file my_file_2.txt (compact mmCIF, C-alpha atoms and all ligand atoms)
# COMPACT_ATOMS: atom_id res chain seq x y z
CA MET W 102 10.32 41.51 7.35
CA SER W 103 11.50 37.89 7.83
CA MET W 104 14.50 36.52 5.91
CA ASN W 105 12.17 34.10 4.14
CA LYS W 106 9.90 36.90 2.93
CA THR W 107 12.87 38.92 1.69
CA LEU W 108 14.10 35.93 -0.30
CA LYS W 109 10.67 35.33 -1.88
CA LYS W 110 10.37 38.98 -2.87
CA THR W 111 13.76 38.84 -4.48
CA LYS W 112 12.68 35.71 -6.33
CA MET W 113 9.78 37.53 -8.06
CA SER W 114 11.77 40.67 -8.91
CA LYS W 115 14.64 38.51 -10.16
CA ILE W 116 12.23 36.95 -12.64
CA LEU W 117 10.73 40.24 -13.79
CA GLU W 118 14.02 42.08 -14.23
CA HIS W 119 14.62 39.97 -17.35
CA ILE W 120 11.59 41.47 -19.08
CA THR W 121 12.27 44.68 -20.99
CA ASN W 122 8.59 45.44 -21.69
CA LYS W 123 6.90 47.70 -19.14
CA PRO W 124 4.21 45.93 -17.11
CA TYR W 125 0.65 47.20 -17.61
CA PHE W 126 -0.07 46.84 -13.90
CA VAL W 127 1.93 45.94 -10.78
CA LYS W 128 0.68 45.79 -7.21
CA GLY W 129 2.52 43.67 -4.66
CA SER W 130 3.13 40.31 -6.30
CA PHE W 131 0.38 40.70 -8.92
CA VAL W 132 1.76 41.71 -12.33
CA LEU W 133 0.05 42.08 -15.72
CA TYR W 134 1.59 42.50 -19.19
CA ASN W 135 -0.33 43.76 -22.20
CA GLU W 136 1.59 41.86 -24.87
CA ASN W 137 1.64 38.76 -27.00
CA SER W 138 2.44 35.99 -24.54
CA LEU W 139 5.12 34.53 -26.82
CA GLU W 140 7.07 37.79 -26.48
CA ILE W 141 6.98 37.80 -22.67
CA LEU W 142 7.56 34.06 -22.34
CA ALA W 143 10.70 34.38 -24.45
CA GLN W 144 12.17 36.81 -21.87
CA LEU W 145 11.38 34.88 -18.71
CA PRO W 146 14.37 33.02 -17.26
CA ASP W 147 14.69 29.21 -17.44
CA ASN W 148 13.27 27.20 -14.53
CA SER W 149 11.65 30.19 -12.79
CA VAL W 150 7.91 29.48 -12.57
CA ASP W 151 6.16 27.01 -10.23
CA MET W 152 2.86 26.58 -12.05
CA VAL W 153 1.27 27.63 -15.34
CA PHE W 154 -2.46 27.76 -15.87
CA ALA W 155 -3.34 28.40 -19.52
CA ASP W 156 -6.75 28.87 -21.07
CA PRO W 157 -5.65 29.47 -24.69
CA PRO W 158 -7.97 30.43 -27.55
CA TYR W 159 -10.32 27.55 -28.34
CA ASN W 160 -10.45 28.57 -32.04
CA LEU W 161 -14.19 28.09 -32.15
CA SER W 162 -15.35 31.59 -33.17
CA ASN W 163 -16.18 30.68 -36.74
CA GLY W 164 -19.73 31.89 -37.24
CA GLY W 165 -21.75 29.47 -35.10
CA PHE W 166 -24.60 30.19 -32.67
CA THR W 167 -25.42 29.26 -29.09
CA VAL W 168 -28.05 30.10 -26.47
CA HIS W 169 -27.47 32.60 -23.69
CA ALA W 170 -30.13 33.55 -21.12
CA GLY W 171 -32.76 32.02 -23.43
CA ARG W 172 -31.60 34.04 -26.47
CA MET W 173 -29.79 32.91 -29.60
CA VAL W 174 -26.36 34.59 -29.72
CA SER W 175 -23.27 34.33 -31.90
CA VAL W 176 -20.40 32.27 -30.49
CA ASN W 177 -17.89 34.79 -31.88
CA LYS W 178 -15.72 35.81 -28.97
CA GLY W 179 -13.23 37.98 -30.82
CA GLU W 180 -10.51 37.95 -33.48
CA TRP W 181 -8.20 36.14 -31.04
CA ASP W 182 -10.51 33.11 -31.02
CA LYS W 183 -10.75 32.58 -34.80
CA SER W 184 -9.12 29.47 -36.22
CA LYS W 185 -6.22 30.05 -38.62
CA GLY W 186 -6.46 26.51 -39.92
CA PHE W 187 -5.36 23.25 -38.35
CA ARG W 188 -1.62 23.60 -39.02
CA ASP W 189 -1.26 27.19 -37.78
CA ASP W 190 -3.42 26.56 -34.71
CA TYR W 191 -1.29 23.51 -33.82
CA GLU W 192 1.93 25.40 -34.37
CA PHE W 193 0.76 28.16 -32.05
CA HIS W 194 -0.13 25.67 -29.29
CA TYR W 195 3.22 23.92 -29.75
CA LYS W 196 5.13 27.21 -29.49
CA TRP W 197 3.58 28.50 -26.28
CA LEU W 198 3.72 25.07 -24.64
CA GLU W 199 7.39 24.80 -25.58
CA ALA W 200 8.07 28.25 -24.11
CA CYS W 201 6.22 27.34 -20.89
CA LYS W 202 8.26 24.16 -20.50
CA ARG W 203 11.48 26.15 -20.56
CA VAL W 204 10.34 28.62 -17.90
CA LEU W 205 8.79 26.02 -15.58
CA LYS W 206 10.92 24.74 -12.71
CA PRO W 207 11.80 21.03 -12.97
CA GLU W 208 9.20 20.25 -10.28
CA GLY W 209 6.67 22.66 -11.83
CA SER W 210 3.39 21.73 -13.46
CA LEU W 211 1.11 23.11 -16.14
CA TRP W 212 -2.64 23.11 -16.64
CA VAL W 213 -4.29 23.67 -20.01
CA SER W 214 -8.03 23.93 -20.53
CA GLY W 215 -10.07 23.48 -23.67
CA THR W 216 -12.91 21.87 -25.53
CA TYR W 217 -12.66 19.35 -28.37
CA HIS W 218 -11.88 22.28 -30.70
CA SER W 219 -8.42 22.68 -29.17
CA ILE W 220 -7.68 20.23 -26.37
CA TYR W 221 -6.50 17.35 -28.56
CA GLN W 222 -4.03 19.61 -30.32
CA CYS W 223 -2.73 20.81 -26.96
CA GLY W 224 -2.54 17.22 -25.69
CA HIS W 225 -0.60 16.14 -28.77
CA ALA W 226 1.82 19.06 -28.42
CA LEU W 227 2.29 18.34 -24.70
CA GLN W 228 3.26 14.78 -25.43
CA ALA W 229 5.47 15.73 -28.37
CA LEU W 230 7.30 18.15 -26.05
CA GLY W 231 7.92 15.46 -23.43
CA TYR W 232 5.61 16.73 -20.67
CA HIS W 233 4.37 13.98 -18.36
CA ILE W 234 0.56 13.99 -18.15
CA LEU W 235 -0.75 13.60 -14.59
CA ASN W 236 -4.51 13.84 -15.15
CA ASP W 237 -7.16 14.92 -17.57
CA ILE W 238 -9.92 16.53 -15.57
CA SER W 239 -13.44 16.65 -16.87
CA TRP W 240 -15.04 19.90 -15.70
CA PHE W 241 -18.76 19.20 -15.83
CA LYS W 242 -20.98 22.30 -16.13
CA PRO W 243 -24.44 21.39 -14.78
CA ASN W 244 -25.83 24.69 -16.15
CA ALA W 245 -24.30 24.51 -19.67
CA SER W 246 -26.31 26.15 -22.51
CA PRO W 247 -28.67 23.89 -24.47
CA ASN W 248 -27.82 22.65 -27.96
CA LEU W 249 -29.69 24.51 -30.73
CA SER W 250 -29.35 22.09 -33.64
CA CYS W 251 -30.72 19.07 -31.76
CA ARG W 252 -28.43 17.00 -34.00
CA PHE W 253 -25.92 15.97 -31.33
CA PHE W 254 -25.38 15.89 -27.56
CA THR W 255 -25.29 19.14 -25.58
CA ALA W 256 -21.69 20.06 -24.82
CA SER W 257 -21.53 20.33 -21.03
CA HIS W 258 -17.90 19.87 -20.09
CA GLU W 259 -14.42 21.16 -20.70
CA THR W 260 -11.21 19.19 -20.35
CA LEU W 261 -8.25 20.30 -18.29
CA ILE W 262 -4.96 18.52 -18.80
CA TRP W 263 -2.57 18.62 -15.86
CA ALA W 264 1.02 17.76 -16.73
CA ARG W 265 4.42 18.07 -15.11
CA LYS W 266 7.59 19.23 -16.75
CA ASP W 267 9.76 16.38 -15.59
CA LYS W 268 8.69 12.82 -14.82
CA LYS W 269 11.52 12.41 -12.28
CA ALA W 270 10.90 15.60 -10.26
CA LYS W 271 8.42 15.81 -7.38
CA HIS W 272 5.52 18.05 -8.34
CA THR W 273 3.23 19.69 -5.75
CA PHE W 274 -0.09 17.99 -5.05
CA ASN W 275 -1.93 19.01 -1.88
CA TYR W 276 -3.63 15.66 -1.55
CA ASP W 277 -5.00 16.11 1.99
CA LEU W 278 -6.62 19.43 1.25
CA MET W 279 -8.26 18.00 -1.86
CA LYS W 280 -9.53 14.97 0.05
CA ASN W 281 -10.52 16.56 3.36
CA GLY W 282 -11.40 20.10 2.39
CA LEU W 283 -15.01 21.15 2.03
CA TRP W 284 -16.07 21.58 -1.60
CA PRO W 285 -19.76 22.47 -1.26
CA GLU W 286 -20.02 23.74 -4.84
CA ASP W 287 -19.43 20.22 -6.21
CA PHE W 288 -22.14 17.61 -5.69
CA LEU W 289 -19.80 14.90 -6.99
CA LYS W 290 -17.21 15.42 -4.24
CA LYS W 291 -18.03 13.25 -1.21
CA GLU W 292 -16.74 14.54 2.13
CA GLY W 293 -13.56 12.80 3.30
CA LEU W 294 -13.12 10.74 0.11
CA GLN W 295 -10.38 11.21 -2.46
CA MET W 296 -11.00 13.92 -5.02
CA ARG W 297 -11.69 12.36 -8.40
CA SER W 298 -11.08 13.59 -11.92
CA VAL W 299 -14.67 14.70 -12.70
CA TRP W 300 -15.50 18.07 -11.14
CA SER W 301 -18.97 19.57 -11.14
CA ILE W 302 -18.71 23.35 -11.04
CA LEU W 303 -21.20 25.97 -12.26
CA THR W 304 -20.23 28.63 -14.79
CA PRO W 305 -19.27 32.00 -13.18
CA ARG W 306 -21.76 33.59 -10.80
CA LYS W 307 -23.27 37.01 -11.61
CA SER W 308 -21.14 38.53 -8.86
CA GLU W 309 -17.99 37.35 -10.65
CA LYS W 310 -18.98 39.46 -13.65
CA LYS W 311 -20.00 42.63 -11.85
CA PHE W 312 -17.11 44.66 -13.31
CA GLY W 313 -17.86 43.49 -16.86
CA LYS W 314 -17.79 40.30 -18.86
CA HIS W 315 -15.05 38.30 -20.45
CA PRO W 316 -16.59 35.99 -23.08
CA THR W 317 -14.79 32.91 -21.78
CA GLN W 318 -14.33 33.76 -18.12
CA LYS W 319 -13.59 30.76 -15.89
CA PRO W 320 -15.39 30.33 -12.56
CA ILE W 321 -13.38 31.28 -9.48
CA ASP W 322 -14.29 27.91 -7.89
CA LEU W 323 -12.40 26.13 -10.68
CA LEU W 324 -9.23 28.19 -10.34
CA LYS W 325 -9.37 28.14 -6.55
CA ARG W 326 -9.22 24.36 -6.69
CA ILE W 327 -6.41 24.29 -9.24
CA VAL W 328 -4.26 26.80 -7.36
CA LEU W 329 -4.81 25.06 -4.02
CA ALA W 330 -4.15 21.61 -5.51
CA SER W 331 -0.92 22.30 -7.31
CA THR W 332 0.93 25.18 -5.62
CA LYS W 333 2.30 26.26 -2.25
CA GLU W 334 2.17 29.68 -0.60
CA GLY W 335 4.74 32.00 -2.19
CA ASP W 336 4.85 30.07 -5.47
CA VAL W 337 4.93 31.92 -8.78
CA VAL W 338 1.87 31.26 -10.96
CA LEU W 339 1.87 32.29 -14.64
CA ASP W 340 -1.15 32.65 -16.93
CA PRO W 341 -0.15 33.43 -20.55
CA PHE W 342 -3.79 34.01 -21.62
CA THR W 343 -5.02 35.74 -18.52
CA GLY W 344 -8.25 37.39 -19.79
CA SER W 345 -10.09 38.69 -16.71
CA SER W 346 -7.38 37.04 -14.54
CA THR W 347 -9.48 34.49 -12.70
CA THR W 348 -6.19 32.63 -12.14
CA GLY W 349 -4.61 35.75 -10.66
CA ILE W 350 -7.53 36.39 -8.31
CA ALA W 351 -7.31 32.82 -6.97
CA ALA W 352 -3.51 33.07 -6.76
CA ALA W 353 -3.62 36.34 -4.85
CA ALA W 354 -6.34 35.07 -2.51
CA PHE W 355 -4.08 32.24 -1.40
CA LYS W 356 -0.78 34.14 -1.19
CA ARG W 357 0.72 33.03 -4.48
CA LYS W 358 2.60 35.43 -6.78
CA PHE W 359 1.08 36.04 -10.18
CA VAL W 360 2.16 37.05 -13.69
CA GLY W 361 -0.64 37.41 -16.25
CA ILE W 362 -0.37 38.24 -19.97
CA ASP W 363 -3.08 39.28 -22.43
CA MET W 364 -3.11 41.12 -25.74
CA GLU W 365 -6.38 42.92 -24.98
CA LYS W 366 -6.26 45.96 -22.70
CA LYS W 367 -9.98 45.79 -21.94
CA TYR W 368 -9.54 42.40 -20.29
CA LEU W 369 -6.60 43.62 -18.25
CA ASP W 370 -8.66 46.60 -17.08
CA LEU W 371 -11.29 44.14 -15.94
CA SER W 372 -8.55 42.12 -14.19
CA ILE W 373 -7.39 45.22 -12.31
CA LYS W 374 -10.90 45.98 -11.06
CA ARG W 375 -11.30 42.40 -9.89
CA TYR W 376 -7.89 42.44 -8.21
CA ASN W 377 -8.47 45.77 -6.44
CA GLU W 378 -11.76 44.57 -5.04
CA ILE W 379 -10.37 41.39 -3.64
CA ASN W 380 -7.16 42.92 -2.32
CA SER W 381 -8.66 44.20 0.95
CA LEU W 382 -10.44 40.90 1.54
CA ILE W 383 -7.20 39.04 0.89
CA LYS W 384 -5.40 40.95 3.63
CA GLU W 385 -8.06 39.84 6.09
CA LEU W 386 -8.04 36.23 4.84
CA ASN W 387 -4.29 35.89 4.88
CA THR W 388 -3.99 36.65 8.59
CA VAL W 389 -5.98 33.53 9.48
CA HIS W 390 -4.26 30.20 9.49
CA PRO W 391 -1.26 28.63 11.16
CA LYS W 392 0.70 25.79 9.58
CA ALA W 393 -1.08 22.46 10.07
CA LYS W 394 1.00 19.40 10.86
CA THR W 395 -1.33 16.59 11.94
CA ASP W 396 -4.25 15.13 9.94
CA LYS W 397 -6.66 16.72 12.37
CA GLN W 398 -5.03 20.12 11.93
CA VAL W 399 -5.14 19.70 8.16
CA LYS W 400 -8.85 18.93 8.31
CA THR W 401 -9.55 21.91 10.57
CA LEU W 402 -7.49 24.17 8.32
CA ALA W 403 -9.23 22.87 5.22
CA ASN W 404 -12.65 23.53 6.71
CA GLU W 405 -11.62 26.95 7.93
CA LEU W 406 -10.35 27.76 4.45
CA ALA W 407 -13.54 26.54 2.82
CA ILE W 408 -15.62 28.83 5.03
CA LYS W 409 -13.38 31.81 4.34
CA GLN W 410 -13.35 31.08 0.61
CA ALA W 411 -17.14 30.90 0.54
CA GLU W 412 -17.25 34.34 2.17
CA LEU W 413 -14.63 35.68 -0.21
CA PHE W 414 -16.25 34.56 -3.41
CA LYS W 415 -19.99 34.77 -2.75
C1 LIG W 501 -9.94 31.79 -23.26
S1 LIG W 501 -9.53 33.44 -22.84
C2 LIG W 501 -8.96 33.34 -21.15
C3 LIG W 501 -10.03 33.65 -20.12
C4 LIG W 501 -9.52 33.62 -18.69
N1 LIG W 501 -9.19 32.28 -18.29
C5 LIG W 501 -10.54 34.21 -17.72
O1 LIG W 501 -10.94 33.53 -16.74
O2 LIG W 501 -10.95 35.35 -17.91
C6 LIG W 501 -8.07 33.66 -23.77
C7 LIG W 501 -7.45 35.04 -23.67
O3 LIG W 501 -6.20 34.99 -24.38
C8 LIG W 501 -5.97 36.24 -24.99
N2 LIG W 501 -5.01 35.96 -26.08
C9 LIG W 501 -5.21 35.27 -27.22
N3 LIG W 501 -4.06 35.12 -27.90
C10 LIG W 501 -3.07 35.69 -27.15
C11 LIG W 501 -1.66 35.83 -27.27
N4 LIG W 501 -0.99 35.36 -28.33
N5 LIG W 501 -0.98 36.46 -26.28
C12 LIG W 501 -1.63 36.98 -25.21
N6 LIG W 501 -2.97 36.87 -25.02
C13 LIG W 501 -3.68 36.22 -25.96
C14 LIG W 501 -7.34 36.74 -25.42
O4 LIG W 501 -7.36 38.15 -25.48
C15 LIG W 501 -8.24 36.17 -24.30
O5 LIG W 501 -8.50 37.15 -23.31

call {"tool": "encode", "arguments": {"input": "my_file_2.txt", "output": "structure tokens"}}
result
Amino acid sequence: MSMNKTLKKTKMSKILEHITNKPYFVKGSFVLYNENSLEILAQLPDNSVDMVFADPPYNLSNGGFTVHAGRMVSVNKGEWDKSKGFRDDYEFHYKWLEACKRVLKPEGSLWVSGTYHSIYQCGHALQALGYHILNDISWFKPNASPNLSCRFFTASHETLIWARKDKKAKHTFNYDLMKNGLWPEDFLKKEGLQMRSVWSILTPRKSEKKFGKHPTQKPIDLLKRIVLASTKEGDVVLDPFTGSSTTGIAAAAFKRKFVGIDMEKKYLDLSIKRYNEINSLIKELNTVHPKAKTDKQVKTLANELAIKQAELFK
């Protein structure tokens, strides 16, 4: 084992040794906790995490209806998604965002996703806490469900806010890969041009739900892009609302370390099945590419990655 690898391993275990709760699952650098995220966040050391992706409750499960596969279905996703009123919901978002800021490294960044039910509260809390907003991404879903009431526009996007902890520190942005990589899933991304802030990505494929469904599962294409854009190999990625661990699957696929937290065991069991399936494919994928130095090498690497990713996630 190289010196570098030994150091990185130590880095992950050094973080986890602060947590007294027993992990629900550990394999390599993929760790899951079945707890309230506030409890685990409180035990993580300061300045220890490179990137946070958070998909917190949207607080929209309040008796409404939507359409799924042509049928009218309730939007109730579970107790965890019920609103507790504006003040309590805001306080919760403030608390977990505050905890994430402490554990992020100075050059670390955080992503938070949501719809209008929650994203403005998260945005307000981010600004109140002194995060520096880098982008708000509009994730356009070309296959979003139709609107039943016909009284307003059909909701077909979610917003992702990308912010850094510290305005003065240099955050990671893999600009060349975003610009020159192949992103065939997104008809808005033109080959060789800068990646813009509107991303067209379908909701999860059937194959992404073969081990069971999470009611708000994110597509792997979305998390693949986020992980590749804002982290480096060996970085520690944290998801405090991990659900079926789409973030963890993308992190593991690209050699990042992962800590996921969720209060519901059934979602962690789903995460484990997804992780175990991809683990053998990851080993194969991770033997592939050398470090690229020139623009041409970057482009070749990006294309090679895109082909491998397509194989991995089809
Ligand atoms: C919007 S879903 C995340 C879905 C995930 N991005 C995926 O791709 O599967 C939010 C998750 O947060 C969990 N949750 C809600 N409140 C929590 C809390 N305080 N601590 C830990 N998990 C929580 C829920 O059980 C749910 O699985």

call {"tool": "residues_near_ligand", "arguments": {"input": "my_file_2.txt", "ligand": "ligand LIG 501 (chain W)", "cutoff": "6 Å", "atoms": "only C-alpha atoms and all ligand atoms", "output": "MDAnalysis selection string"}}
result
chainID W and resid 136:138 156:158 181 315 317:319 342:347 362:365

call {"tool": "closest_atom_pairs", "arguments": {"input": "my_file_2.txt", "of": "range 322-391 of chain W", "to": "range 293-308 of chain W", "cutoff": "12 Å", "atoms": "only C-alpha atoms", "output": "JSON lines"}}
result
{"residue": "W:Asp322", "atom": "CA", "partner": "W:Ile302", "partner_atom": "CA", "distance": 7.1}
{"residue": "W:Leu323", "atom": "CA", "partner": "W:Ile302", "partner_atom": "CA", "distance": 6.9}
{"residue": "W:Leu324", "atom": "CA", "partner": "W:Ile302", "partner_atom": "CA", "distance": 10.7}
{"residue": "W:Lys325", "atom": "CA", "partner": "W:Ile302", "partner_atom": "CA", "distance": 11.4}
{"residue": "W:Arg326", "atom": "CA", "partner": "W:Trp300", "partner_atom": "CA", "distance": 9.9}
{"residue": "W:Ile327", "atom": "CA", "partner": "W:Trp300", "partner_atom": "CA", "distance": 11.2}
{"residue": "W:Ala330", "atom": "CA", "partner": "W:Met296", "partner_atom": "CA", "distance": 10.3}
{"residue": "W:Ser345", "atom": "CA", "partner": "W:Pro305", "partner_atom": "CA", "distance": 11.9}
{"residue": "W:Thr347", "atom": "CA", "partner": "W:Pro305", "partner_atom": "CA", "distance": 10.1}
{"residue": "W:Arg375", "atom": "CA", "partner": "W:Ser308", "partner_atom": "CA", "distance": 10.6}
{"residue": "W:Glu378", "atom": "CA", "partner": "W:Ser308", "partner_atom": "CA", "distance": 11.8}

call {"tool": "atom_distance", "arguments": {"input": "my_file_2.txt", "atom1": "CA of Lys268 in chain W", "atom2": "CA of His233 in chain W"}}
result
5.7 Å

call {"tool": "atom_distance", "arguments": {"input": "my_file_2.txt", "atom1": "CA of Val328 in chain W", "atom2": "CA of Glu309 in chain W"}}
result
17.6 Å

call {"tool": "atom_distance", "arguments": {"input": "my_file_2.txt", "atom1": "CA of Tyr376 in chain W", "atom2": "CA of Tyr125 in chain W"}}
result
13.6 Å

call {"tool": "residues_near_point", "arguments": {"input": "my_file_2.txt", "point": "(7.7, 19.6, -18.3)", "cutoff": "10 Å", "atoms": "all atoms listed in the file", "output": "JSON, numbers by chain"}}
result
{"W": [198, 199, 201, 202, 203, 204, 205, 206, 207, 208, 209, 210, 211, 227, 228, 230, 231, 232, 233, 234, 264, 265, 266, 267, 268, 270]}

call {"tool": "residues_around", "arguments": {"input": "my_file_2.txt", "residues": "range 143-151 of chain W", "least_positions_apart": "2", "cutoff": "10 Å", "atoms": "only C-alpha atoms", "output": "PDB file with C-alpha atoms, in the frame of the given file"}}
result
ATOM      1  CA  LYS W 112      12.680  35.710  -6.330  1.00  0.00           C
ATOM      2  CA  MET W 113       9.780  37.530  -8.060  1.00  0.00           C
ATOM      3  CA  LYS W 115      14.640  38.510 -10.160  1.00  0.00           C
ATOM      4  CA  ILE W 116      12.230  36.950 -12.640  1.00  0.00           C
ATOM      5  CA  LEU W 117      10.730  40.240 -13.790  1.00  0.00           C
ATOM      6  CA  GLU W 118      14.020  42.080 -14.230  1.00  0.00           C
ATOM      7  CA  HIS W 119      14.620  39.970 -17.350  1.00  0.00           C
ATOM      8  CA  ILE W 120      11.590  41.470 -19.080  1.00  0.00           C
ATOM      9  CA  THR W 121      12.270  44.680 -20.990  1.00  0.00           C
ATOM     10  CA  ASN W 122       8.590  45.440 -21.690  1.00  0.00           C
ATOM     11  CA  SER W 138       2.440  35.990 -24.540  1.00  0.00           C
ATOM     12  CA  LEU W 139       5.120  34.530 -26.820  1.00  0.00           C
ATOM     13  CA  GLU W 140       7.070  37.790 -26.480  1.00  0.00           C
ATOM     14  CA  ILE W 141       6.980  37.800 -22.670  1.00  0.00           C
ATOM     15  CA  VAL W 153       1.270  27.630 -15.340  1.00  0.00           C
ATOM     16  CA  TRP W 197       3.580  28.500 -26.280  1.00  0.00           C
ATOM     17  CA  ALA W 200       8.070  28.250 -24.110  1.00  0.00           C
ATOM     18  CA  CYS W 201       6.220  27.340 -20.890  1.00  0.00           C
ATOM     19  CA  LYS W 202       8.260  24.160 -20.500  1.00  0.00           C
ATOM     20  CA  ARG W 203      11.480  26.150 -20.560  1.00  0.00           C
ATOM     21  CA  VAL W 204      10.340  28.620 -17.900  1.00  0.00           C
ATOM     22  CA  LEU W 205       8.790  26.020 -15.580  1.00  0.00           C
ATOM     23  CA  LYS W 206      10.920  24.740 -12.710  1.00  0.00           C
ATOM     24  CA  PRO W 207      11.800  21.030 -12.970  1.00  0.00           C
ATOM     25  CA  GLU W 208       9.200  20.250 -10.280  1.00  0.00           C
ATOM     26  CA  GLY W 209       6.670  22.660 -11.830  1.00  0.00           C
ATOM     27  CA  SER W 210       3.390  21.730 -13.460  1.00  0.00           C
ATOM     28  CA  LEU W 211       1.110  23.110 -16.140  1.00  0.00           C
ATOM     29  CA  HIS W 272       5.520  18.050  -8.340  1.00  0.00           C
ATOM     30  CA  THR W 273       3.230  19.690  -5.750  1.00  0.00           C
ATOM     31  CA  SER W 331      -0.920  22.300  -7.310  1.00  0.00           C
ATOM     32  CA  THR W 332       0.930  25.180  -5.620  1.00  0.00           C
ATOM     33  CA  LYS W 333       2.300  26.260  -2.250  1.00  0.00           C
ATOM     34  CA  GLY W 335       4.740  32.000  -2.190  1.00  0.00           C
ATOM     35  CA  ASP W 336       4.850  30.070  -5.470  1.00  0.00           C
ATOM     36  CA  VAL W 337       4.930  31.920  -8.780  1.00  0.00           C
ATOM     37  CA  VAL W 338       1.870  31.260 -10.960  1.00  0.00           C
ATOM     38  CA  LEU W 339       1.870  32.290 -14.640  1.00  0.00           C
ATOM     39  CA  ARG W 357       0.720  33.030  -4.480  1.00  0.00           C
ATOM     40  CA  LYS W 358       2.600  35.430  -6.780  1.00  0.00           C
ATOM     41  CA  PHE W 359       1.080  36.040 -10.180  1.00  0.00           C
ATOM     42  CA  VAL W 360       2.160  37.050 -13.690  1.00  0.00           C
TER      43      VAL W 360
END

call {"tool": "closest_residue", "arguments": {"input": "my_file_2.txt", "among": "W:Val174, W:Cys223, W:Cys251, W:Val213", "to": "Glu192 in chain W", "atoms": "all atoms listed in the file"}}
result
W:Cys223

call {"tool": "closest_residue", "arguments": {"input": "my_file_2.txt", "among": "W:His258, W:Lys183, W:Lys374, W:Arg188", "to": "Ser246 in chain W", "atoms": "all atoms listed in the file"}}
result
W:His258

call {"tool": "residues_around", "arguments": {"input": "my_file_2.txt", "residues": "Asp237 in chain W", "least_positions_apart": "2", "cutoff": "8 Å", "atoms": "all atoms listed in the file", "output": "PyMOL selection string"}}
result
chain W and resi 234-235+239+260-263+298

call {"tool": "closest_residue", "arguments": {"input": "my_file_2.txt", "among": "W:Tyr159, W:Ser114, W:Ala352, W:Trp240", "to": "Glu334 in chain W", "atoms": "only C-alpha atoms"}}
result
W:Ala352
